[in-house]
$ cat protein-v2.pdb   # PDB, C-alpha atoms
MODEL        1
ATOM      1  CA  MET A  42      63.358  78.551 -31.163
ATOM      2  CA  LYS A  43      64.429  75.113 -32.437
ATOM      3  CA  ARG A  44      68.069  76.138 -32.130
ATOM      4  CA  PHE A  45      67.510  77.235 -28.538
ATOM      5  CA  LEU A  46      65.678  74.037 -27.614
ATOM      6  CA  GLY A  47      68.428  71.917 -29.110
ATOM      7  CA  PHE A  48      71.063  73.692 -27.039
ATOM      8  CA  PHE A  49      68.849  73.495 -23.962
ATOM      9  CA  LEU A  50      68.311  69.740 -24.205
ATOM     10  CA  ILE A  51      72.035  69.143 -24.676
ATOM     11  CA  ALA A  52      72.803  71.290 -21.632
ATOM     12  CA  LEU A  53      70.168  69.505 -19.599
ATOM     13  CA  SER A  54      71.517  66.073 -20.484
ATOM     14  CA  ALA A  55      74.908  67.091 -19.159
ATOM     15  CA  PHE A  56      73.474  67.697 -15.705
ATOM     16  CA  SER A  57      70.569  65.228 -15.447
ATOM     17  CA  PHE A  58      71.252  61.691 -14.296
ATOM     18  CA  ALA A  59      67.840  60.529 -13.134
ATOM     19  CA  ASP A  60      67.501  57.856 -10.512
ATOM     20  CA  GLU A  61      71.222  57.381  -9.905
ATOM     21  CA  PRO A  62      71.865  56.884  -6.154
ATOM     22  CA  MET A  63      74.893  58.204  -4.338
ATOM     23  CA  GLU A  64      77.916  55.959  -4.645
ATOM     24  CA  ASP A  65      78.251  55.606  -0.878
ATOM     25  CA  GLY A  66      74.540  54.855  -0.484
ATOM     26  CA  GLY A  67      74.142  57.776   1.926
ATOM     27  CA  SER A  68      71.535  60.483   2.044
ATOM     28  CA  ARG A  69      72.492  63.654   0.255
ATOM     29  CA  TYR A  70      69.705  65.498   2.056
ATOM     30  CA  ALA A  71      71.040  64.461   5.480
ATOM     31  CA  LYS A  72      74.328  66.136   4.589
ATOM     32  CA  ILE A  73      72.514  69.355   3.701
ATOM     33  CA  VAL A  74      70.676  69.252   7.037
ATOM     34  CA  ASP A  75      74.009  68.786   8.824
ATOM     35  CA  GLN A  76      75.362  71.873   7.056
ATOM     36  CA  LEU A  77      72.324  73.902   8.109
ATOM     37  CA  LYS A  78      72.837  72.773  11.708
ATOM     38  CA  ALA A  79      76.473  73.864  11.512
ATOM     39  CA  MET A  80      75.495  77.298  10.197
ATOM     40  CA  GLU A  81      73.064  77.709  13.067
ATOM     41  CA  ALA A  82      75.674  76.596  15.606
ATOM     42  CA  ASN A  83      78.315  78.944  14.196
ATOM     43  CA  HIS A  84      75.952  81.934  13.964
ATOM     44  CA  PRO A  85      73.420  81.536  16.802
ATOM     45  CA  THR A  86      72.483  85.219  16.825
ATOM     46  CA  LEU A  87      71.836  85.325  13.075
ATOM     47  CA  ALA A  88      70.620  81.897  11.973
ATOM     48  CA  LYS A  89      67.869  79.512  13.037
ATOM     49  CA  MET A  90      67.117  76.146  11.432
ATOM     50  CA  PHE A  91      63.462  75.109  11.445
ATOM     51  CA  SER A  92      61.044  72.874   9.553
ATOM     52  CA  ILE A  93      58.343  74.350   7.345
ATOM     53  CA  GLY A  94      56.499  71.003   7.510
ATOM     54  CA  LYS A  95      56.727  67.497   6.063
ATOM     55  CA  ASN A  96      56.576  65.734   2.702
ATOM     56  CA  ASP A  97      54.724  62.539   1.780
ATOM     57  CA  GLU A  98      57.363  60.371   3.493
ATOM     58  CA  GLY A  99      57.067  62.357   6.703
ATOM     59  CA  THR A 100      60.499  63.919   6.167
ATOM     60  CA  GLU A 101      60.932  67.366   7.678
ATOM     61  CA  LEU A 102      61.628  70.103   5.127
ATOM     62  CA  TYR A 103      64.299  72.190   6.818
ATOM     63  CA  ALA A 104      64.992  75.841   6.136
ATOM     64  CA  LEU A 105      67.344  78.408   7.638
ATOM     65  CA  ARG A 106      66.080  81.784   8.798
ATOM     66  CA  VAL A 107      68.685  84.566   8.735
ATOM     67  CA  SER A 108      68.080  87.896  10.453
ATOM     68  CA  THR A 109      69.107  89.842  13.528
ATOM     69  CA  SER A 110      66.246  88.153  15.392
ATOM     70  CA  PRO A 111      66.170  84.639  13.884
ATOM     71  CA  GLN A 112      64.606  82.655  16.706
ATOM     72  CA  ALA A 113      61.073  83.413  15.508
ATOM     73  CA  MET A 114      59.424  84.920  12.453
ATOM     74  CA  ASP A 115      59.558  88.707  12.739
ATOM     75  CA  LEU A 116      56.704  90.354  10.846
ATOM     76  CA  SER A 117      58.204  93.794  11.439
ATOM     77  CA  LYS A 118      60.997  92.912   8.988
ATOM     78  CA  VAL A 119      60.835  92.662   5.203
ATOM     79  CA  GLY A 120      60.534  88.964   4.360
ATOM     80  CA  HIS A 121      62.463  87.356   1.483
ATOM     81  CA  PHE A 122      62.452  83.700   0.439
ATOM     82  CA  VAL A 123      64.687  81.344  -1.550
ATOM     83  CA  VAL A 124      63.718  77.794  -2.512
ATOM     84  CA  ALA A 125      65.910  75.325  -4.400
ATOM     85  CA  THR A 126      65.728  71.758  -5.682
ATOM     86  CA  HIS A 127      62.186  71.518  -6.942
ATOM     87  CA  HIS A 128      63.893  69.146  -9.362
ATOM     88  CA  GLY A 129      66.164  66.667  -7.609
ATOM     89  CA  ASN A 130      68.577  66.324 -10.516
ATOM     90  CA  GLU A 131      69.410  70.038 -10.490
ATOM     91  CA  GLY A 132      72.026  69.854  -7.777
ATOM     92  CA  GLY A 133      73.497  73.170  -8.825
ATOM     93  CA  SER A 134      70.405  74.836  -7.392
ATOM     94  CA  THR A 135      71.091  73.196  -4.024
ATOM     95  CA  LEU A 136      74.676  74.403  -4.155
ATOM     96  CA  PHE A 137      73.442  77.899  -4.950
ATOM     97  CA  ALA A 138      71.124  77.946  -1.916
ATOM     98  CA  MET A 139      73.902  76.851   0.430
ATOM     99  CA  GLU A 140      76.422  79.296  -1.009
ATOM    100  CA  PHE A 141      73.881  82.101  -0.818
ATOM    101  CA  LEU A 142      73.442  81.363   2.891
ATOM    102  CA  LYS A 143      77.195  81.370   3.476
ATOM    103  CA  ASP A 144      77.540  84.648   1.614
ATOM    104  CA  LEU A 145      74.640  86.194   3.514
ATOM    105  CA  LEU A 146      76.184  85.337   6.875
ATOM    106  CA  LYS A 147      79.613  86.508   5.726
ATOM    107  CA  ARG A 148      78.234  89.812   4.465
ATOM    108  CA  TYR A 149      76.712  90.529   7.844
ATOM    109  CA  GLN A 150      80.109  90.184   9.480
ATOM    110  CA  SER A 151      82.083  92.218   6.933
ATOM    111  CA  ASP A 152      79.723  94.494   4.990
ATOM    112  CA  GLU A 153      78.286  97.504   6.824
ATOM    113  CA  LEU A 154      75.544  97.970   4.215
ATOM    114  CA  TRP A 155      74.338  94.408   4.689
ATOM    115  CA  LYS A 156      74.407  94.800   8.446
ATOM    116  CA  ALA A 157      71.897  97.591   7.987
ATOM    117  CA  ASN A 158      69.890  95.452   5.557
ATOM    118  CA  LEU A 159      69.699  92.548   7.970
ATOM    119  CA  ASN A 160      68.322  94.836  10.627
ATOM    120  CA  GLN A 161      65.392  95.423   8.273
ATOM    121  CA  MET A 162      65.162  92.065   6.455
ATOM    122  CA  GLU A 163      64.432  88.435   7.243
ATOM    123  CA  PHE A 164      65.695  85.805   4.804
ATOM    124  CA  THR A 165      64.338  82.263   4.714
ATOM    125  CA  VAL A 166      66.178  79.710   2.559
ATOM    126  CA  LEU A 167      64.861  76.204   1.814
ATOM    127  CA  PRO A 168      67.736  74.364   0.070
ATOM    128  CA  VAL A 169      65.913  71.116  -0.786
ATOM    129  CA  LEU A 170      62.191  70.884  -1.493
ATOM    130  CA  ASN A 171      62.208  67.587  -3.412
ATOM    131  CA  VAL A 172      64.024  65.387  -0.888
ATOM    132  CA  SER A 173      63.451  61.982  -2.483
ATOM    133  CA  GLY A 174      64.354  63.320  -5.915
ATOM    134  CA  TYR A 175      67.512  64.910  -4.541
ATOM    135  CA  ASP A 176      68.605  61.683  -2.854
ATOM    136  CA  ARG A 177      67.989  59.726  -6.088
ATOM    137  CA  ASN A 178      69.199  62.466  -8.444
ATOM    138  CA  SER A 179      65.792  62.433 -10.132
ATOM    139  CA  ARG A 180      63.767  65.340 -11.441
ATOM    140  CA  TYR A 181      60.523  63.880 -10.115
ATOM    141  CA  GLU A 182      58.902  63.230  -6.745
ATOM    142  CA  HIS A 183      56.540  60.240  -6.664
ATOM    143  CA  GLY A 184      56.335  60.401 -10.434
ATOM    144  CA  GLN A 185      55.189  64.024 -10.345
ATOM    145  CA  ASP A 186      56.972  67.133 -11.522
ATOM    146  CA  PRO A 187      56.939  69.368  -8.421
ATOM    147  CA  ASN A 188      57.157  72.522 -10.511
ATOM    148  CA  ARG A 189      53.924  71.697 -12.343
ATOM    149  CA  ASP A 190      51.930  71.102  -9.156
ATOM    150  CA  TYR A 191      50.880  74.655  -8.260
ATOM    151  CA  PRO A 192      47.516  76.294  -8.926
ATOM    152  CA  GLY A 193      47.229  79.305 -11.175
ATOM    153  CA  PRO A 194      44.735  81.306 -13.212
ATOM    154  CA  CYS A 195      45.257  79.121 -16.287
ATOM    155  CA  GLN A 196      45.883  75.799 -14.557
ATOM    156  CA  ASP A 197      43.339  73.218 -15.750
ATOM    157  CA  LYS A 198      44.747  70.184 -13.934
ATOM    158  CA  ALA A 199      44.556  69.001 -10.330
ATOM    159  CA  THR A 200      47.273  70.595  -8.206
ATOM    160  CA  GLY A 201      48.827  70.085  -4.807
ATOM    161  CA  LYS A 202      49.176  66.357  -5.390
ATOM    162  CA  LEU A 203      52.498  66.385  -3.545
ATOM    163  CA  LYS A 204      52.505  67.101   0.175
ATOM    164  CA  SER A 205      55.802  68.974  -0.195
ATOM    165  CA  ILE A 206      54.061  71.435  -2.506
ATOM    166  CA  ARG A 207      51.051  71.786  -0.217
ATOM    167  CA  THR A 208      53.442  72.373   2.694
ATOM    168  CA  LEU A 209      55.332  75.078   0.828
ATOM    169  CA  MET A 210      52.146  76.779  -0.362
ATOM    170  CA  GLU A 211      50.881  76.894   3.214
ATOM    171  CA  PHE A 212      54.185  78.297   4.458
ATOM    172  CA  MET A 213      54.158  81.056   1.837
ATOM    173  CA  GLY A 214      50.944  82.306   3.427
ATOM    174  CA  THR A 215      52.389  82.597   6.940
ATOM    175  CA  ARG A 216      53.811  86.068   6.314
ATOM    176  CA  PRO A 217      54.243  88.558   3.463
ATOM    177  CA  PHE A 218      57.316  87.738   1.379
ATOM    178  CA  ALA A 219      58.356  90.749  -0.649
ATOM    179  CA  ALA A 220      60.532  88.689  -2.985
ATOM    180  CA  ALA A 221      60.838  84.983  -3.718
ATOM    181  CA  VAL A 222      63.587  83.267  -5.719
ATOM    182  CA  THR A 223      63.319  79.712  -7.041
ATOM    183  CA  ALA A 224      66.587  78.186  -8.266
ATOM    184  CA  HIS A 225      66.796  75.799 -11.218
ATOM    185  CA  GLY A 226      69.174  74.904 -14.062
ATOM    186  CA  TYR A 227      70.602  75.016 -16.614
ATOM    187  CA  ILE A 228      70.235  77.882 -19.111
ATOM    188  CA  GLY A 229      71.814  81.008 -17.637
ATOM    189  CA  ASN A 230      69.049  83.555 -17.223
ATOM    190  CA  PHE A 231      66.707  85.401 -14.882
ATOM    191  CA  THR A 232      63.010  85.142 -15.680
ATOM    192  CA  TYR A 233      59.813  86.487 -14.174
ATOM    193  CA  PRO A 234      56.003  86.068 -14.610
ATOM    194  CA  TRP A 235      53.945  85.271 -16.477
ATOM    195  CA  GLY A 236      55.241  81.910 -17.616
ATOM    196  CA  PHE A 237      51.999  80.016 -18.275
ATOM    197  CA  TYR A 238      49.938  79.827 -21.464
ATOM    198  CA  THR A 239      48.200  83.152 -22.039
ATOM    199  CA  ASP A 240      47.572  85.543 -24.909
ATOM    200  CA  ASN A 241      49.435  88.260 -22.977
ATOM    201  CA  ASN A 242      52.299  87.139 -20.742
ATOM    202  CA  LYS A 243      53.243  90.660 -19.661
ATOM    203  CA  THR A 244      52.216  91.501 -16.097
ATOM    204  CA  LEU A 245      51.470  95.038 -14.979
ATOM    205  CA  ASP A 246      54.915  94.912 -13.335
ATOM    206  CA  GLU A 247      56.777  94.152 -16.582
ATOM    207  CA  ASN A 248      58.547  97.518 -16.690
ATOM    208  CA  ARG A 249      59.567  97.339 -13.038
ATOM    209  CA  TYR A 250      60.949  93.833 -13.489
ATOM    210  CA  ARG A 251      62.979  94.879 -16.530
ATOM    211  CA  GLU A 252      64.310  97.943 -14.721
ATOM    212  CA  VAL A 253      65.606  95.777 -11.879
ATOM    213  CA  PHE A 254      67.005  92.986 -14.032
ATOM    214  CA  ARG A 255      68.953  95.336 -16.271
ATOM    215  CA  LYS A 256      71.056  96.083 -13.201
ATOM    216  CA  VAL A 257      71.072  92.531 -11.813
ATOM    217  CA  ALA A 258      72.285  91.073 -15.123
ATOM    218  CA  GLU A 259      75.297  93.392 -15.050
ATOM    219  CA  VAL A 260      76.703  91.310 -12.192
ATOM    220  CA  ASN A 261      77.070  87.957 -13.963
ATOM    221  CA  GLY A 262      76.064  88.521 -17.584
ATOM    222  CA  TYR A 263      72.919  86.393 -17.557
ATOM    223  CA  SER A 264      70.101  87.204 -19.947
ATOM    224  CA  TYR A 265      66.691  88.115 -18.554
ATOM    225  CA  GLY A 266      63.078  88.323 -19.605
ATOM    226  CA  ASN A 267      59.544  87.138 -19.178
ATOM    227  CA  ALA A 268      59.469  83.394 -18.464
ATOM    228  CA  GLY A 269      57.038  82.606 -21.267
ATOM    229  CA  ASP A 270      59.318  84.308 -23.796
ATOM    230  CA  ALA A 271      62.780  83.605 -22.366
ATOM    231  CA  ILE A 272      62.212  79.855 -21.940
ATOM    232  CA  TYR A 273      58.755  78.621 -23.014
ATOM    233  CA  PRO A 274      55.317  78.546 -21.386
ATOM    234  CA  ALA A 275      54.520  76.063 -18.617
ATOM    235  CA  ASN A 276      51.546  75.816 -16.269
ATOM    236  CA  GLY A 277      51.730  75.075 -12.553
ATOM    237  CA  THR A 278      55.053  76.679 -11.631
ATOM    238  CA  TYR A 279      56.091  78.115  -8.276
ATOM    239  CA  GLU A 280      57.210  81.459  -9.679
ATOM    240  CA  ASP A 281      53.821  82.175 -11.243
ATOM    241  CA  PHE A 282      51.904  80.883  -8.225
ATOM    242  CA  VAL A 283      53.685  82.966  -5.599
ATOM    243  CA  TYR A 284      53.390  86.156  -7.664
ATOM    244  CA  TRP A 285      49.719  85.530  -8.570
ATOM    245  CA  LYS A 286      48.642  84.412  -5.096
ATOM    246  CA  HIS A 287      50.768  86.611  -2.832
ATOM    247  CA  GLY A 288      52.237  89.364  -4.997
ATOM    248  CA  SER A 289      55.787  88.285  -4.136
ATOM    249  CA  TRP A 290      58.310  89.611  -6.630
ATOM    250  CA  SER A 291      59.232  86.186  -7.952
ATOM    251  CA  LEU A 292      62.359  85.261  -9.854
ATOM    252  CA  LEU A 293      63.041  81.993 -11.644
ATOM    253  CA  LEU A 294      66.818  81.671 -11.509
ATOM    254  CA  GLU A 295      68.121  79.373 -14.236
ATOM    255  CA  LEU A 296      71.773  78.735 -13.451
ATOM    256  CA  ARG A 297      74.019  78.424 -16.490
ATOM    257  CA  ASN A 298      75.642  75.118 -15.531
ATOM    258  CA  GLY A 299      75.571  74.904 -11.741
ATOM    259  CA  SER A 300      79.338  74.762 -11.404
ATOM    260  CA  ALA A 301      81.101  76.302  -8.431
ATOM    261  CA  LYS A 302      82.279  79.169 -10.663
ATOM    262  CA  ASP A 303      78.795  79.762 -12.040
ATOM    263  CA  VAL A 304      77.263  79.760  -8.564
ATOM    264  CA  ALA A 305      79.979  82.052  -7.188
ATOM    265  CA  GLY A 306      79.167  84.616  -9.876
ATOM    266  CA  THR A 307      75.419  84.315  -9.397
ATOM    267  CA  VAL A 308      75.239  84.660  -5.605
ATOM    268  CA  PRO A 309      76.133  88.399  -5.697
ATOM    269  CA  ALA A 310      73.641  88.899  -8.530
ATOM    270  CA  ILE A 311      70.816  87.542  -6.376
ATOM    271  CA  ALA A 312      72.033  89.611  -3.438
ATOM    272  CA  ARG A 313      71.715  92.637  -5.703
ATOM    273  CA  TYR A 314      68.206  91.564  -6.689
ATOM    274  CA  PHE A 315      67.096  91.540  -3.072
ATOM    275  CA  ASP A 316      68.761  94.904  -2.579
ATOM    276  CA  LEU A 317      66.992  96.513  -5.567
ATOM    277  CA  ILE A 318      63.538  94.962  -5.511
ATOM    278  CA  ASP A 319      60.600  96.583  -3.748
ATOM    279  CA  SER A 320      60.318  96.034   0.003
ATOM    280  CA  SER A 321      56.664  95.011  -0.150
ATOM    281  CA  PRO A 322      54.715  92.613  -2.385
ATOM    282  CA  SER A 323      53.259  93.906  -5.618
ATOM    283  CA  SER A 324      49.692  95.194  -5.592
ATOM    284  CA  LYS A 325      49.414  94.781  -9.386
ATOM    285  CA  ASN A 326      49.675  90.992  -9.535
ATOM    286  CA  GLN A 327      46.176  90.342 -10.865
ATOM    287  CA  PHE A 328      45.820  88.277 -14.043
ATOM    288  CA  SER A 329      43.596  90.024 -16.573
ATOM    289  CA  ALA A 330      44.483  88.385 -19.898
ATOM    290  CA  ASN A 331      43.065  85.230 -21.481
ATOM    291  CA  CYS A 332      44.240  81.671 -21.017
ATOM    292  CA  VAL A 333      45.422  79.820 -24.105
ATOM    293  CA  ARG A 334      45.336  76.098 -24.624
ATOM    294  CA  TYR A 335      48.809  75.023 -25.704
ATOM    295  CA  ARG A 336      48.890  72.498 -28.527
ATOM    296  CA  GLY A 337      52.615  71.806 -28.765
ATOM    297  CA  PRO A 338      54.777  69.303 -26.856
ATOM    298  CA  ASP A 339      55.301  69.812 -23.128
ATOM    299  CA  LEU A 340      59.072  69.483 -22.784
ATOM    300  CA  ARG A 341      58.887  69.710 -18.983
ATOM    301  CA  ARG A 342      62.471  70.856 -18.667
ATOM    302  CA  GLU A 343      62.683  74.067 -16.638
TER     303      GLU A 343
ENDMDL
END
$ encode --input "protein-v2.pdb" --output "structure tokens"
Amino acid sequence: MKRFLGFFLIALSAFSFADEPMEDGGSRYAKIVDQLKAMEANHPTLAKMFSIGKNDEGTELYALRVSTSPQAMDLSKVGHFVVATHHGNEGGSTLFAMEFLKDLLKRYQSDELWKANLNQMEFTVLPVLNVSGYDRNSRYEHGQDPNRDYPGPCQDKATGKLKSIRTLMEFMGTRPFAAAVTAHGYIGNFTYPWGFYTDNNKTLDENRYREVFRKVAEVNGYSYGNAGDAIYPANGTYEDFVYWKHGSWSLLLELRNGSAKDVAGTVPAIARYFDLIDSSPSSKNQFSANCVRYRGPDLRRE
């Protein structure tokens, strides 16, 4: 474990430059919004940009909906969701979200199988959740870790302190999302619930998750496992919340290094995940174990 943590902290330091502004003084988020607008303009029958709500600054949190009927939410389709940049200094996750969108739109034009999938599916991608952190290249938003701000069965602290988190939680309840992916960095693995402190971190869906990820990991060689075992336990995370609250088949994607090559190899792996995972939320998402009070240091790194 110590060996793993040492490697992890070194890897993190290579990609974390907290509170460093852009050299040109511009808004990184504004450039992402411009790219979303361009995708919508270039694919008006497949893509629709919209806001899921606002953060504490009143900034709109923009997402792109991709389907064969994108102008409005279509509850007749299987809903899937991708969120990136909980942590503003994990820019590789933002890159992943944008490249996933490009690949999704390209697949519709060139891949007959994905044309059929899009007739049945509705993808929503939110590239930047932590806008102020992304613009400052900082992990935090108003001094808070966004990925510790969600409620859960073992959460003993106040949650929803950030409006961005409250906005996202509310949006996740607007329709059933069969699967939900949250992108982070930088380890190089796929993890799934439970990730919080409990005496049994295996959900009733453990076998199903492992069955799917055995095939997903073949695409890019990432490791996979339960979040509490593969990384370390942490309370208040999105991936645990959305599975516990809504049954969404959640995946914590930990990019290896967030490089263009890494992202290019991971995009098809996530496409395969959406292709393999169940088309409806889990009905076995109840927590039935016991909460454990963790006595070690909270590294707050994933």
$ closest_residue --input "protein-v2.pdb" --among "A:Thr165, A:Ser179, A:Asn248, A:Gln327" --to "A:Ala113" --atoms "all atoms listed in the file"
A:Thr165
$ closest_residue --input "protein-v2.pdb" --among "A:Asn241, A:Tyr284, A:Gly306, A:Ala301" --to "A:Pro322" --atoms "only C-alpha atoms"
A:Tyr284
$ atom_distance --input "protein-v2.pdb" --atom1 "atom CA of A:His287" --atom2 "atom CA of A:Arg106"
19.8 Å
$ resolve_selection --input "protein-v2.pdb" --expression "the PyMOL selection byres ((chain A and resi 308) around 9)" --output "list of chain:residue names"
A:Phe137, A:Ala138, A:Glu140, A:Phe141, A:Asp144, A:Asp303, A:Val304, A:Ala305, A:Gly306, A:Thr307, A:Pro309, A:Ala310, A:Ile311, A:Ala312, A:Arg313
$ resolve_selection --input "protein-v2.pdb" --expression "the PyMOL selection byres ((chain A and resi 330) around 7)" --output "short mmCIF file (atom, residue, chain, number, x, y, z; two decimals) with C-alpha atoms, in the frame of the given file"
data_model
loop_
_atom_site.label_atom_id
_atom_site.label_comp_id
_atom_site.auth_asym_id
_atom_site.auth_seq_id
_atom_site.Cartn_x
_atom_site.Cartn_y
_atom_site.Cartn_z
CA THR A 239 48.20 83.15 -22.04
CA ASP A 240 47.57 85.54 -24.91
CA ASN A 241 49.44 88.26 -22.98
CA PHE A 328 45.82 88.28 -14.04
CA SER A 329 43.60 90.02 -16.57
CA ASN A 331 43.06 85.23 -21.48
CA CYS A 332 44.24 81.67 -21.02
#
$ residues_around --input "protein-v2.pdb" --residues "A:Val253" --least-positions-apart "3" --cutoff "7 Å" --atoms "all atoms listed in the file" --output "list in words"
Arg249, Tyr250, Lys256, Val257, Leu317 and Ile318 of chain A
$ residues_near_point --input "protein-v2.pdb" --point "(57.5, 63.4, -6.3)" --cutoff "10 Å" --atoms "only C-alpha atoms" --output "PyMOL selection string"
chain A and resi 96-97+127-129+171-174+179-187+190+202-206
$ atom_distance --input "protein-v2.pdb" --atom1 "atom CA of A:Phe122" --atom2 "atom CA of A:Phe164"
5.8 Å
